[in-house]
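Q: This one is upload-v7.cif, mmCIF, C-alpha atoms.
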```
data_input
#
loop_
_atom_site.label_atom_id
_atom_site.label_comp_id
_atom_site.auth_asym_id
_atom_site.auth_seq_id
_atom_site.Cartn_x
_atom_site.Cartn_y
_atom_site.Cartn_z
CA MET A 1 164.12 52.13 -23.90
CA ARG A 2 162.50 54.10 -26.72
CA ALA A 3 161.41 50.76 -28.23
CA GLN A 4 159.92 49.71 -24.93
CA GLY A 5 158.15 53.10 -24.65
CA ARG A 6 156.70 52.62 -28.11
CA MET A 7 155.52 49.16 -27.10
CA ASN A 8 153.90 50.55 -23.93
CA GLY A 9 152.22 53.22 -26.02
CA VAL A 10 150.84 50.62 -28.39
CA GLY A 11 149.64 48.60 -25.39
CA ARG A 12 147.84 51.65 -23.96
CA ILE A 13 146.17 52.31 -27.32
CA GLN A 14 145.07 48.66 -27.59
CA ASN A 15 143.73 48.70 -24.02
CA ALA A 16 141.82 51.87 -24.75
CA ASP A 17 140.39 50.32 -27.93
CA CYS A 18 139.40 47.24 -25.97
CA ARG A 19 137.69 49.33 -23.30
CA GLY A 20 135.90 51.29 -26.01
CA ALA A 21 134.76 48.10 -27.72
CA LYS A 22 133.46 46.74 -24.43
CA ALA A 23 131.66 50.00 -23.75
CA ARG A 24 130.05 49.94 -27.20
CA SER A 25 129.13 46.28 -26.73
CA PHE A 26 127.59 47.05 -23.34
CA SER A 27 125.65 49.96 -24.84
CA LEU A 28 124.32 47.73 -27.63
CA LEU A 29 123.32 45.04 -25.17
CA THR A 30 121.63 47.63 -22.98
CA ALA A 31 119.75 49.07 -25.96
CA PHE A 32 118.72 45.56 -27.07
CA TYR A 33 117.50 44.75 -23.57
CA LEU A 34 115.51 47.97 -23.41
CA LEU A 35 113.93 47.28 -26.80
CA LEU A 36 113.11 43.74 -25.71
CA THR A 37 111.60 45.06 -22.51
CA VAL A 38 109.48 47.58 -24.41
CA ALA A 39 108.29 44.82 -26.77
CA VAL A 40 107.48 42.33 -24.03
CA LEU A 41 105.97 44.48 -21.30
CA PRO A 42 102.77 45.47 -23.12
CA ALA A 43 101.93 41.82 -23.87
CA SER A 44 102.69 40.87 -20.28
CA ALA A 45 100.67 43.79 -18.95
CA GLN A 46 97.81 42.90 -21.28
CA GLU A 47 97.86 39.29 -20.12
CA LYS A 48 97.73 40.41 -16.49
CA GLY A 49 94.97 42.83 -17.46
CA TRP A 50 92.64 40.18 -18.89
CA GLU A 51 93.40 37.80 -16.02
CA ARG A 52 92.59 40.50 -13.49
CA GLU A 53 89.42 41.42 -15.36
CA TRP A 54 88.41 37.76 -15.60
CA ASN A 55 89.02 37.13 -11.90
CA GLU A 56 87.06 40.23 -10.94
CA THR A 57 84.21 39.08 -13.19
CA LEU A 58 84.27 35.61 -11.61
CA ALA A 59 84.19 37.02 -8.08
CA ALA A 60 81.27 39.32 -8.92
CA ALA A 61 79.45 36.48 -10.73
CA LYS A 62 79.68 34.30 -7.63
CA LYS A 63 78.02 37.05 -5.64
CA GLU A 64 75.22 37.19 -8.22
CA GLY A 65 74.89 33.42 -7.81
CA LYS A 66 73.41 32.45 -11.17
CA VAL A 67 72.99 33.28 -14.84
CA VAL A 68 69.54 33.13 -16.45
CA VAL A 69 69.60 31.72 -19.98
CA ALA A 70 66.57 31.51 -22.29
CA GLY A 71 66.33 29.12 -25.22
CA SER A 72 64.48 26.24 -26.85
CA PRO A 73 64.03 22.94 -24.96
CA ASP A 74 67.51 21.48 -25.07
CA PRO A 75 68.84 18.19 -23.61
CA VAL A 76 72.45 19.27 -24.21
CA MET A 77 71.97 22.32 -22.03
CA ARG A 78 70.14 20.38 -19.34
CA ASN A 79 72.34 17.28 -19.23
CA GLU A 80 75.80 18.61 -20.08
CA ILE A 81 76.23 22.38 -20.13
CA ILE A 82 74.54 23.17 -16.81
CA PRO A 83 76.47 20.53 -14.79
CA LYS A 84 79.81 21.42 -16.43
CA PHE A 85 79.38 25.17 -15.89
CA ARG A 86 78.50 24.65 -12.22
CA SER A 87 81.47 22.34 -11.64
CA ARG A 88 83.80 24.74 -13.46
CA PHE A 89 82.75 27.99 -11.76
CA GLY A 90 80.45 27.11 -8.85
CA ILE A 91 77.64 29.12 -10.42
CA GLY A 92 74.25 27.79 -11.47
CA ILE A 93 72.41 28.24 -14.75
CA GLU A 94 68.69 28.89 -14.58
CA PHE A 95 67.48 27.71 -17.99
CA LEU A 96 64.15 29.01 -19.24
CA ALA A 97 63.10 26.66 -22.03
CA GLY A 98 60.19 27.14 -24.39
CA ARG A 99 59.09 27.56 -27.99
CA SER A 100 60.17 30.83 -29.56
CA SER A 101 56.63 32.19 -29.74
CA GLU A 102 56.01 31.38 -26.06
CA MET A 103 59.33 32.85 -24.95
CA THR A 104 58.94 36.09 -26.88
CA ALA A 105 55.40 36.54 -25.55
CA ARG A 106 56.73 36.14 -22.01
CA ILE A 107 59.56 38.63 -22.59
CA ARG A 108 57.21 41.26 -24.01
CA THR A 109 54.82 40.86 -21.08
CA GLU A 110 57.61 41.10 -18.51
CA ARG A 111 59.18 44.13 -20.11
CA PHE A 112 55.87 45.91 -20.35
CA ALA A 113 55.73 45.48 -16.56
CA GLY A 114 59.33 46.67 -16.15
CA ILE A 115 60.67 43.20 -15.37
CA TYR A 116 64.03 42.09 -16.77
CA SER A 117 64.65 38.48 -15.74
CA ILE A 118 66.91 37.12 -18.51
CA ASP A 119 70.66 37.52 -19.00
CA VAL A 120 71.49 35.59 -22.16
CA PHE A 121 69.50 34.34 -25.16
CA LEU A 122 70.33 31.18 -27.12
CA SER A 123 67.78 31.53 -29.89
CA GLY A 124 67.10 30.68 -33.49
CA PRO A 125 67.90 33.11 -36.31
CA ASP A 126 64.36 34.41 -36.86
CA THR A 127 63.68 35.13 -33.19
CA THR A 128 67.12 36.66 -32.80
CA ALA A 129 67.06 38.94 -35.84
CA ASN A 130 63.41 39.93 -36.07
CA ILE A 131 62.40 40.10 -32.41
CA LEU A 132 65.37 40.35 -30.03
CA TYR A 133 67.41 42.59 -32.34
CA GLY A 134 64.45 44.12 -34.19
CA GLU A 135 62.67 45.15 -30.98
CA LYS A 136 65.89 46.30 -29.26
CA MET A 137 65.82 43.71 -26.49
CA ILE A 138 69.58 43.13 -26.54
CA ASP A 139 72.80 45.00 -25.74
CA PRO A 140 76.11 44.82 -27.62
CA LEU A 141 77.74 41.48 -26.93
CA LYS A 142 81.17 42.29 -28.37
CA PRO A 143 82.44 44.28 -25.34
CA MET A 144 81.69 41.25 -23.13
CA LEU A 145 84.39 39.12 -24.79
CA VAL A 146 87.55 38.91 -22.70
CA LEU A 147 89.12 35.42 -22.87
CA PRO A 148 92.15 35.36 -25.21
CA GLU A 149 91.01 32.06 -26.75
CA VAL A 150 87.71 33.71 -27.67
CA LEU A 151 89.29 36.86 -29.10
CA ASP A 152 92.18 35.10 -30.89
CA PRO A 153 91.50 35.36 -34.68
CA SER A 154 93.37 32.10 -35.34
CA LYS A 155 90.77 30.18 -33.30
CA TRP A 156 87.95 31.06 -35.71
CA LYS A 157 87.30 29.82 -39.24
CA LYS A 158 86.08 33.30 -40.18
CA GLY A 159 89.24 34.91 -38.78
CA LYS A 160 87.30 36.40 -35.85
CA PRO A 161 84.19 35.81 -33.76
CA TRP A 162 81.43 36.20 -36.37
CA PHE A 163 78.91 38.92 -35.56
CA ILE A 164 76.30 38.70 -38.30
CA ASP A 165 74.20 41.80 -37.52
CA LEU A 166 74.75 44.98 -39.51
CA GLU A 167 76.69 46.69 -36.67
CA GLU A 168 78.73 43.52 -36.08
CA LYS A 169 78.41 43.65 -32.31
CA TYR A 170 75.02 42.29 -31.21
CA VAL A 171 74.47 38.81 -32.68
CA LEU A 172 77.24 36.23 -32.58
CA ARG A 173 77.01 33.08 -34.71
CA PRO A 174 79.28 30.27 -33.44
CA PHE A 175 77.98 27.43 -35.66
CA SER A 176 77.80 26.71 -39.38
CA SER A 177 76.68 23.21 -40.33
CA VAL A 178 75.34 21.64 -43.47
CA ALA A 179 71.63 21.35 -42.75
CA GLY A 180 69.87 18.05 -43.17
CA LEU A 181 67.04 18.31 -45.68
CA LEU A 182 65.01 15.33 -44.47
CA PHE A 183 65.17 11.89 -42.82
CA ILE A 184 63.85 8.61 -44.14
CA ASN A 185 63.28 5.20 -42.56
CA ALA A 186 65.20 2.93 -44.93
CA ASP A 187 63.00 -0.04 -44.00
CA PHE A 188 60.18 1.72 -45.82
CA VAL A 189 61.89 4.17 -48.18
CA LYS A 190 65.01 3.17 -50.10
CA PRO A 191 67.66 5.94 -50.25
CA GLU A 192 67.73 5.65 -54.05
CA GLU A 193 64.03 6.55 -54.06
CA MET A 194 64.95 10.02 -52.79
CA GLY A 195 67.24 11.42 -55.47
CA SER A 196 65.36 14.56 -56.48
CA ALA A 197 62.64 16.87 -55.20
CA LYS A 198 60.05 15.33 -57.49
CA ASP A 199 60.56 11.99 -55.70
CA LEU A 200 58.86 13.56 -52.67
CA LEU A 201 55.81 14.05 -54.89
CA ASN A 202 55.50 10.35 -55.75
CA PRO A 203 51.86 9.33 -55.05
CA LYS A 204 53.08 6.38 -52.96
CA TRP A 205 54.28 8.87 -50.29
CA LYS A 206 50.95 10.70 -50.08
CA GLY A 207 50.01 10.83 -46.40
CA LYS A 208 53.39 9.34 -45.42
CA ILE A 209 55.31 12.55 -44.78
CA SER A 210 55.57 14.45 -41.48
CA THR A 211 56.53 18.09 -40.99
CA GLU A 212 56.65 20.62 -38.22
CA ASP A 213 53.68 22.94 -38.57
CA PRO A 214 54.58 25.17 -41.55
CA THR A 215 51.82 27.68 -40.78
CA THR A 216 53.65 29.21 -37.81
CA THR A 217 57.13 30.61 -37.33
CA GLY A 218 59.68 27.83 -36.82
CA ALA A 219 61.56 25.02 -38.53
CA GLY A 220 58.52 23.89 -40.54
CA ALA A 221 57.93 27.29 -42.11
CA ASN A 222 61.68 27.79 -42.61
CA LEU A 223 62.05 24.60 -44.64
CA ALA A 224 58.91 25.36 -46.65
CA SER A 225 60.40 28.79 -47.42
CA ARG A 226 63.66 27.18 -48.50
CA PHE A 227 61.76 24.82 -50.83
CA TYR A 228 59.81 27.79 -52.19
CA ASN A 229 63.04 29.71 -52.82
CA GLN A 230 64.89 26.79 -54.43
CA THR A 231 62.14 24.88 -56.25
CA GLY A 232 59.25 27.29 -56.70
CA GLU A 233 55.63 27.78 -55.70
CA GLU A 234 54.19 24.82 -57.61
CA PHE A 235 56.44 22.31 -55.85
CA VAL A 236 55.50 23.71 -52.43
CA ARG A 237 51.82 23.55 -53.30
CA LYS A 238 52.09 19.90 -54.35
CA LEU A 239 54.26 18.86 -51.39
CA TYR A 240 52.45 20.66 -48.57
CA ILE A 241 48.89 20.42 -49.90
CA GLU A 242 48.47 17.59 -52.41
CA GLN A 243 50.78 15.13 -50.61
CA LYS A 244 48.80 15.72 -47.39
CA PRO A 245 51.72 15.66 -44.94
CA VAL A 246 50.81 15.40 -41.28
CA SER A 247 52.02 18.29 -39.13
CA SER A 248 52.69 18.69 -35.44
CA ARG A 249 54.40 21.12 -33.08
CA GLU A 250 55.85 18.31 -30.95
CA ARG A 251 59.23 17.53 -32.46
CA ARG A 252 59.75 14.26 -30.55
CA GLN A 253 56.58 12.92 -32.09
CA PHE A 254 58.20 13.18 -35.54
CA THR A 255 61.05 10.93 -34.45
CA ASP A 256 58.67 8.34 -33.04
CA TRP A 257 56.62 8.35 -36.24
CA LEU A 258 59.80 8.02 -38.30
CA ALA A 259 61.14 5.07 -36.30
CA ARG A 260 57.81 3.23 -36.35
CA GLY A 261 57.39 3.84 -40.06
CA THR A 262 54.04 5.54 -39.49
CA TYR A 263 55.39 8.48 -41.46
CA PRO A 264 58.68 7.19 -42.92
CA ILE A 265 59.65 10.56 -44.42
CA CYS A 266 60.33 13.33 -41.91
CA LEU A 267 61.02 16.88 -43.06
CA ASN A 268 61.90 18.35 -39.67
CA CYS A 269 63.39 15.59 -37.53
CA ARG A 270 66.53 16.63 -35.65
CA ASP A 271 69.77 14.70 -35.63
CA ASP A 272 70.13 14.89 -31.85
CA ASP A 273 66.73 13.18 -31.49
CA VAL A 274 67.39 10.58 -34.20
CA ARG A 275 70.91 9.64 -33.08
CA ALA A 276 69.83 7.51 -30.11
CA LEU A 277 67.39 5.53 -32.25
CA LYS A 278 70.07 4.86 -34.86
CA LYS A 279 72.24 3.38 -32.11
CA GLU A 280 69.35 1.08 -31.25
CA GLY A 281 69.39 -0.27 -34.79
CA PHE A 282 66.70 1.75 -36.53
CA LYS A 283 67.62 2.36 -40.18
CA LEU A 284 67.14 6.10 -40.18
CA VAL A 285 69.00 7.96 -42.93
CA GLU A 286 69.61 11.69 -43.17
CA ILE A 287 69.53 13.24 -46.64
CA PHE A 288 71.39 16.52 -47.01
CA GLU A 289 70.56 17.46 -50.58
CA LEU A 290 68.67 16.38 -53.66
CA SER A 291 69.79 16.72 -57.25
CA ASP A 292 67.63 19.82 -57.71
CA VAL A 293 67.84 21.14 -54.13
CA PRO A 294 71.47 22.12 -53.38
CA GLY A 295 72.88 21.79 -49.87
CA ALA A 296 72.46 24.55 -47.33
CA VAL A 297 74.24 25.63 -44.15
CA ASN A 298 72.68 27.17 -41.08
CA GLY A 299 73.60 28.52 -37.66
CA SER A 300 71.78 25.89 -35.62
CA PRO A 301 71.42 25.25 -32.78
CA TRP A 302 71.47 28.94 -31.75
CA MET A 303 72.67 32.49 -32.07
CA LEU A 304 74.14 34.12 -28.96
CA THR A 305 72.92 37.48 -27.64
CA LEU A 306 73.04 39.49 -24.41
CA ALA A 307 69.76 40.73 -22.93
CA ASN A 308 69.71 44.41 -22.09
CA LYS A 309 69.32 45.30 -18.42
CA ALA A 310 70.60 41.81 -17.60
CA PRO A 311 70.04 41.15 -13.87
CA ASN A 312 73.30 39.18 -13.55
CA PRO A 313 75.75 40.94 -15.90
CA ASN A 314 78.92 39.37 -14.49
CA ALA A 315 77.54 35.83 -14.56
CA ALA A 316 76.33 36.58 -18.08
CA ARG A 317 79.83 37.62 -19.12
CA LEU A 318 81.29 34.49 -17.56
CA PHE A 319 78.81 32.26 -19.39
CA ILE A 320 79.22 34.02 -22.74
CA ASN A 321 83.00 33.65 -22.73
CA TRP A 322 82.91 30.06 -21.53
CA ILE A 323 80.25 28.88 -23.98
CA LEU A 324 82.37 30.36 -26.81
CA SER A 325 85.55 28.66 -25.59
CA LYS A 326 86.84 25.40 -27.02
CA GLU A 327 85.45 23.49 -24.04
CA GLY A 328 82.01 25.05 -24.16
CA LEU A 329 81.43 24.80 -27.90
CA GLU A 330 82.87 21.30 -28.18
CA ILE A 331 80.42 20.02 -25.56
CA TYR A 332 77.59 21.56 -27.54
CA ALA A 333 78.90 20.32 -30.88
CA ARG A 334 79.16 16.75 -29.60
CA GLY A 335 75.73 16.80 -28.03
CA TYR A 336 73.96 18.48 -30.90
CA GLY A 337 76.01 17.12 -33.80
CA SER A 338 76.67 20.55 -35.28
CA ALA A 339 79.90 21.95 -36.75
CA THR A 340 81.26 24.99 -34.93
CA LEU A 341 83.17 27.93 -36.38
CA ARG A 342 86.14 27.34 -34.07
CA THR A 343 89.31 25.94 -35.63
CA ASP A 344 90.35 23.93 -32.57
CA VAL A 345 87.20 21.87 -31.95
CA ASP A 346 87.46 18.16 -32.72
CA GLU A 347 85.05 17.35 -35.57
CA SER A 348 85.89 13.67 -35.95
CA PHE A 349 82.72 12.70 -34.06
CA LEU A 350 80.43 14.60 -36.47
CA ASN A 351 78.47 13.09 -39.32
CA PRO A 352 80.71 13.98 -42.30
CA GLY A 353 77.64 15.24 -44.10
CA ASN A 354 77.26 18.04 -41.53
CA ILE A 355 80.73 19.49 -42.14
CA PRO A 356 80.82 22.12 -44.92
CA LYS A 357 83.15 21.12 -47.73
CA PRO A 358 85.85 23.61 -48.79
CA GLY A 359 85.10 25.30 -52.10
CA VAL A 360 81.40 24.34 -52.13
CA LYS A 361 78.94 27.21 -52.34
CA TYR A 362 76.03 26.56 -49.98
CA PHE A 363 72.75 28.37 -49.58
CA ASP A 364 73.07 30.02 -46.16
CA ASP A 365 69.76 29.66 -44.38
CA SER A 366 70.98 31.86 -41.50
CA GLU A 367 72.38 34.73 -43.56
CA TRP A 368 71.25 38.06 -42.10
CA LYS A 369 69.55 39.54 -45.16
CA TRP A 370 67.72 36.27 -45.86
CA ILE A 371 66.49 36.09 -42.25
CA VAL A 372 65.36 39.71 -42.03
CA THR A 373 63.81 40.17 -45.47
CA GLY A 374 64.13 37.20 -47.83
CA ARG A 375 62.73 34.45 -45.62
CA ARG A 376 60.10 36.67 -44.07
CA GLU A 377 58.77 37.65 -47.51
CA THR A 378 58.97 34.07 -48.77
CA ARG A 379 57.29 32.75 -45.64
CA GLU A 380 54.39 35.14 -46.18
CA LYS A 381 53.97 33.71 -49.67
CA VAL A 382 54.05 30.16 -48.28
CA TRP A 383 51.46 30.98 -45.63
CA LYS A 384 49.20 32.57 -48.23
CA LEU A 385 49.55 29.50 -50.44
CA LEU A 386 48.75 27.09 -47.60
CA LYS A 387 45.80 29.18 -46.47
CA GLU A 388 44.36 29.14 -49.97
CA GLY A 389 44.96 25.39 -50.14
CA LYS A 390 42.82 24.82 -47.05
CA ARG A 391 39.90 26.62 -48.67
CA GLN A 392 39.93 24.30 -51.68
#
```
In structure tokens, write the structure found in this file.

A:
Amino acid sequence: MRAQGRMNGVGRIQNADCRGAKARSFSLLTAFYLLLTVAVLPASAQEKGWEREWNETLAAAKKEGKVVVAGSPDPVMRNEIIPKFRSRFGIGIEFLAGRSSEMTARIRTERFAGIYSIDVFLSGPDTTANILYGEKMIDPLKPMLVLPEVLDPSKWKKGKPWFIDLEEKYVLRPFSSVAGLLFINADFVKPEEMGSAKDLLNPKWKGKISTEDPTTTGAGANLASRFYNQTGEEFVRKLYIEQKPVSSRERRQFTDWLARGTYPICLNCRDDDVRALKKEGFKLVEIFELSDVPGAVNGSPWMLTLANKAPNPNAARLFINWILSKEGLEIYARGYGSATLRTDVDESFLNPGNIPKPGVKYFDDSEWKWIVTGRRETREKVWKLLKEGKRQ
């Protein structure tokens, strides 16, 4: 009996230990669950937060009915972006297209009269930095970003959306491509005849070169400034004065001249204009660098900014986030042939020459300091040189 009592006592102790172990196990599981809940809930709440904010923005944007975007004449915007945005969100894009000088003159006139008609600017670096930013025509863009795929650092080659202004919140740069230096028509100019800058000065090419007008702000003056910076004043004088290039402000005319061989060397032709002619069989070759003119990258086709006092702020926010998404930027990259700064955009369709090579140090033609001070000062020197050349 005493033995049986001892056995029952042992059994009670073991049962108590078992119940204690179960209780401890339950407590640990409960604590783990609570920790897991604490860890997961903020992410879930955040996800619901951005979705709610996005849906509210979409609803308000539909009431506004449109977003007004200003930029340079752009077939990609007209033929691809506008239809896709409307089909995606049911909201139209009113695109105001014009040369930078014309557009900025219009904006100044409107604002003097108290009119604010534009929501978003897609503009070149000079207009963006020196006029829109310099004259305080824009609001911070950074607070407008809401889509996770736009804010996710892993989606950007720079580790974040790249704001290039000093405050890092006004001017967003979504592109960085190796810039073409010039185009040649290989039926008239052999590629091996264009190995160095001095080859452009060959007397046989006198009067055979076209350029966008270098005496006004734009691509022509920008390239002349780059040449001045990389090769010096004497080279610029010989190229732009002694070689007697023909200039125009109509960019499509350059492409026509290039294809016909009228001016078989084009300093400012654009790849998106040339591409169709290459498909038709024209032997048009893009040259990215010369032995004494290293390659350069730029932010073409545009920098993205938000107009202050935007009349359609919700539609503007919708457009800004969408154009920076994988879908938006990939459409633009395909149409324009420019490399984006997103990590998830397919680049297999790009000309390999346009994709920056890892480890290569490029001259950045859209770097903020160069745009605001360096290029402006250099451009003034170029303009002075060209003005003096006309007097001779």

Q: Which distance in Å separates CA of Leu96 (chain A) and CA of Ala70 (chain A), to one decimal?

A: 4.6 Å

Q: List, as a ChimeraX atom specification, every residue that the PyMOL selection byres ((chain A and resi 301) around 9) selects in the file provided.

A: /A:122-124,175,298-300,302-303,332,336,338

Q: Kindly indicate which residue among A:Arg379, A:Lys387, A:Arg226, A:Lys208 lies nearest to Trp257 (chain A), using all atoms listed in the file for the distances.

A: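 Of A:Arg379, A:Lys387, A:Arg226, A:Lys208, the one nearest Trp257 (chain A) is A:Lys208, counting all atoms listed in the file.
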
Q: Measuring atom to atom with only C-alpha atoms, identify which of A:Lys198, A:Arg375, A:Lys326, A:Lys278 is nearest to Val236 (chain A).

A: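 Nearest candidate to Val236 (chain A) out of A:Lys198, A:Arg375, A:Lys326, A:Lys278: A:Lys198.
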
Q: Tell me which of A:Thr343, A:Thr128, A:Thr211, A:Thr216 sits closest to Pro245 (chain A), counting all atoms listed in the file.

A: A:Thr211

Q: Taking all atoms listed in the file into account, name the residue in A:Ala307, A:Leu341, A:Ala259, A:Ala197 that is nearest to Leu132 (chain A).

A: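 Looking at the shortest contact to Leu132 (chain A), the residue is A:Ala307.
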
Q: Just say which residues the PyMOL selection byres ((chain A and resi 53-59) around 8) picks in this file, as a PyMOL selection string.

A: chain A and resi 49-52+60-63+89+146-147+314-315+317-318

Q: Taking all atoms listed in the file into account, name the residue in A:Arg237, A:Lys357, A:Arg270, A:Lys66 that is nearest to Thr255 (chain A).

A: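 Among the listed residues, A:Arg270 lies closest to Thr255 (chain A).
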
Q: What is the CA of Pro174 (chain A)-CA of Thr231 (chain A) distance in Å, reported with one decimal?

A: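 We find that CA of Pro174 (chain A) and CA of Thr231 (chain A) lie 29.0 Å from each other.
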
Q: Please determine, counting only C-alpha atoms, which residue among A:Gly335, A:Gly389, A:Gly328, A:Pro313 has the shortest atom-to-atom distance to Met144 (chain A).

A: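 Of A:Gly335, A:Gly389, A:Gly328, A:Pro313, the one nearest Met144 (chain A), counting only C-alpha atoms, is A:Pro313.
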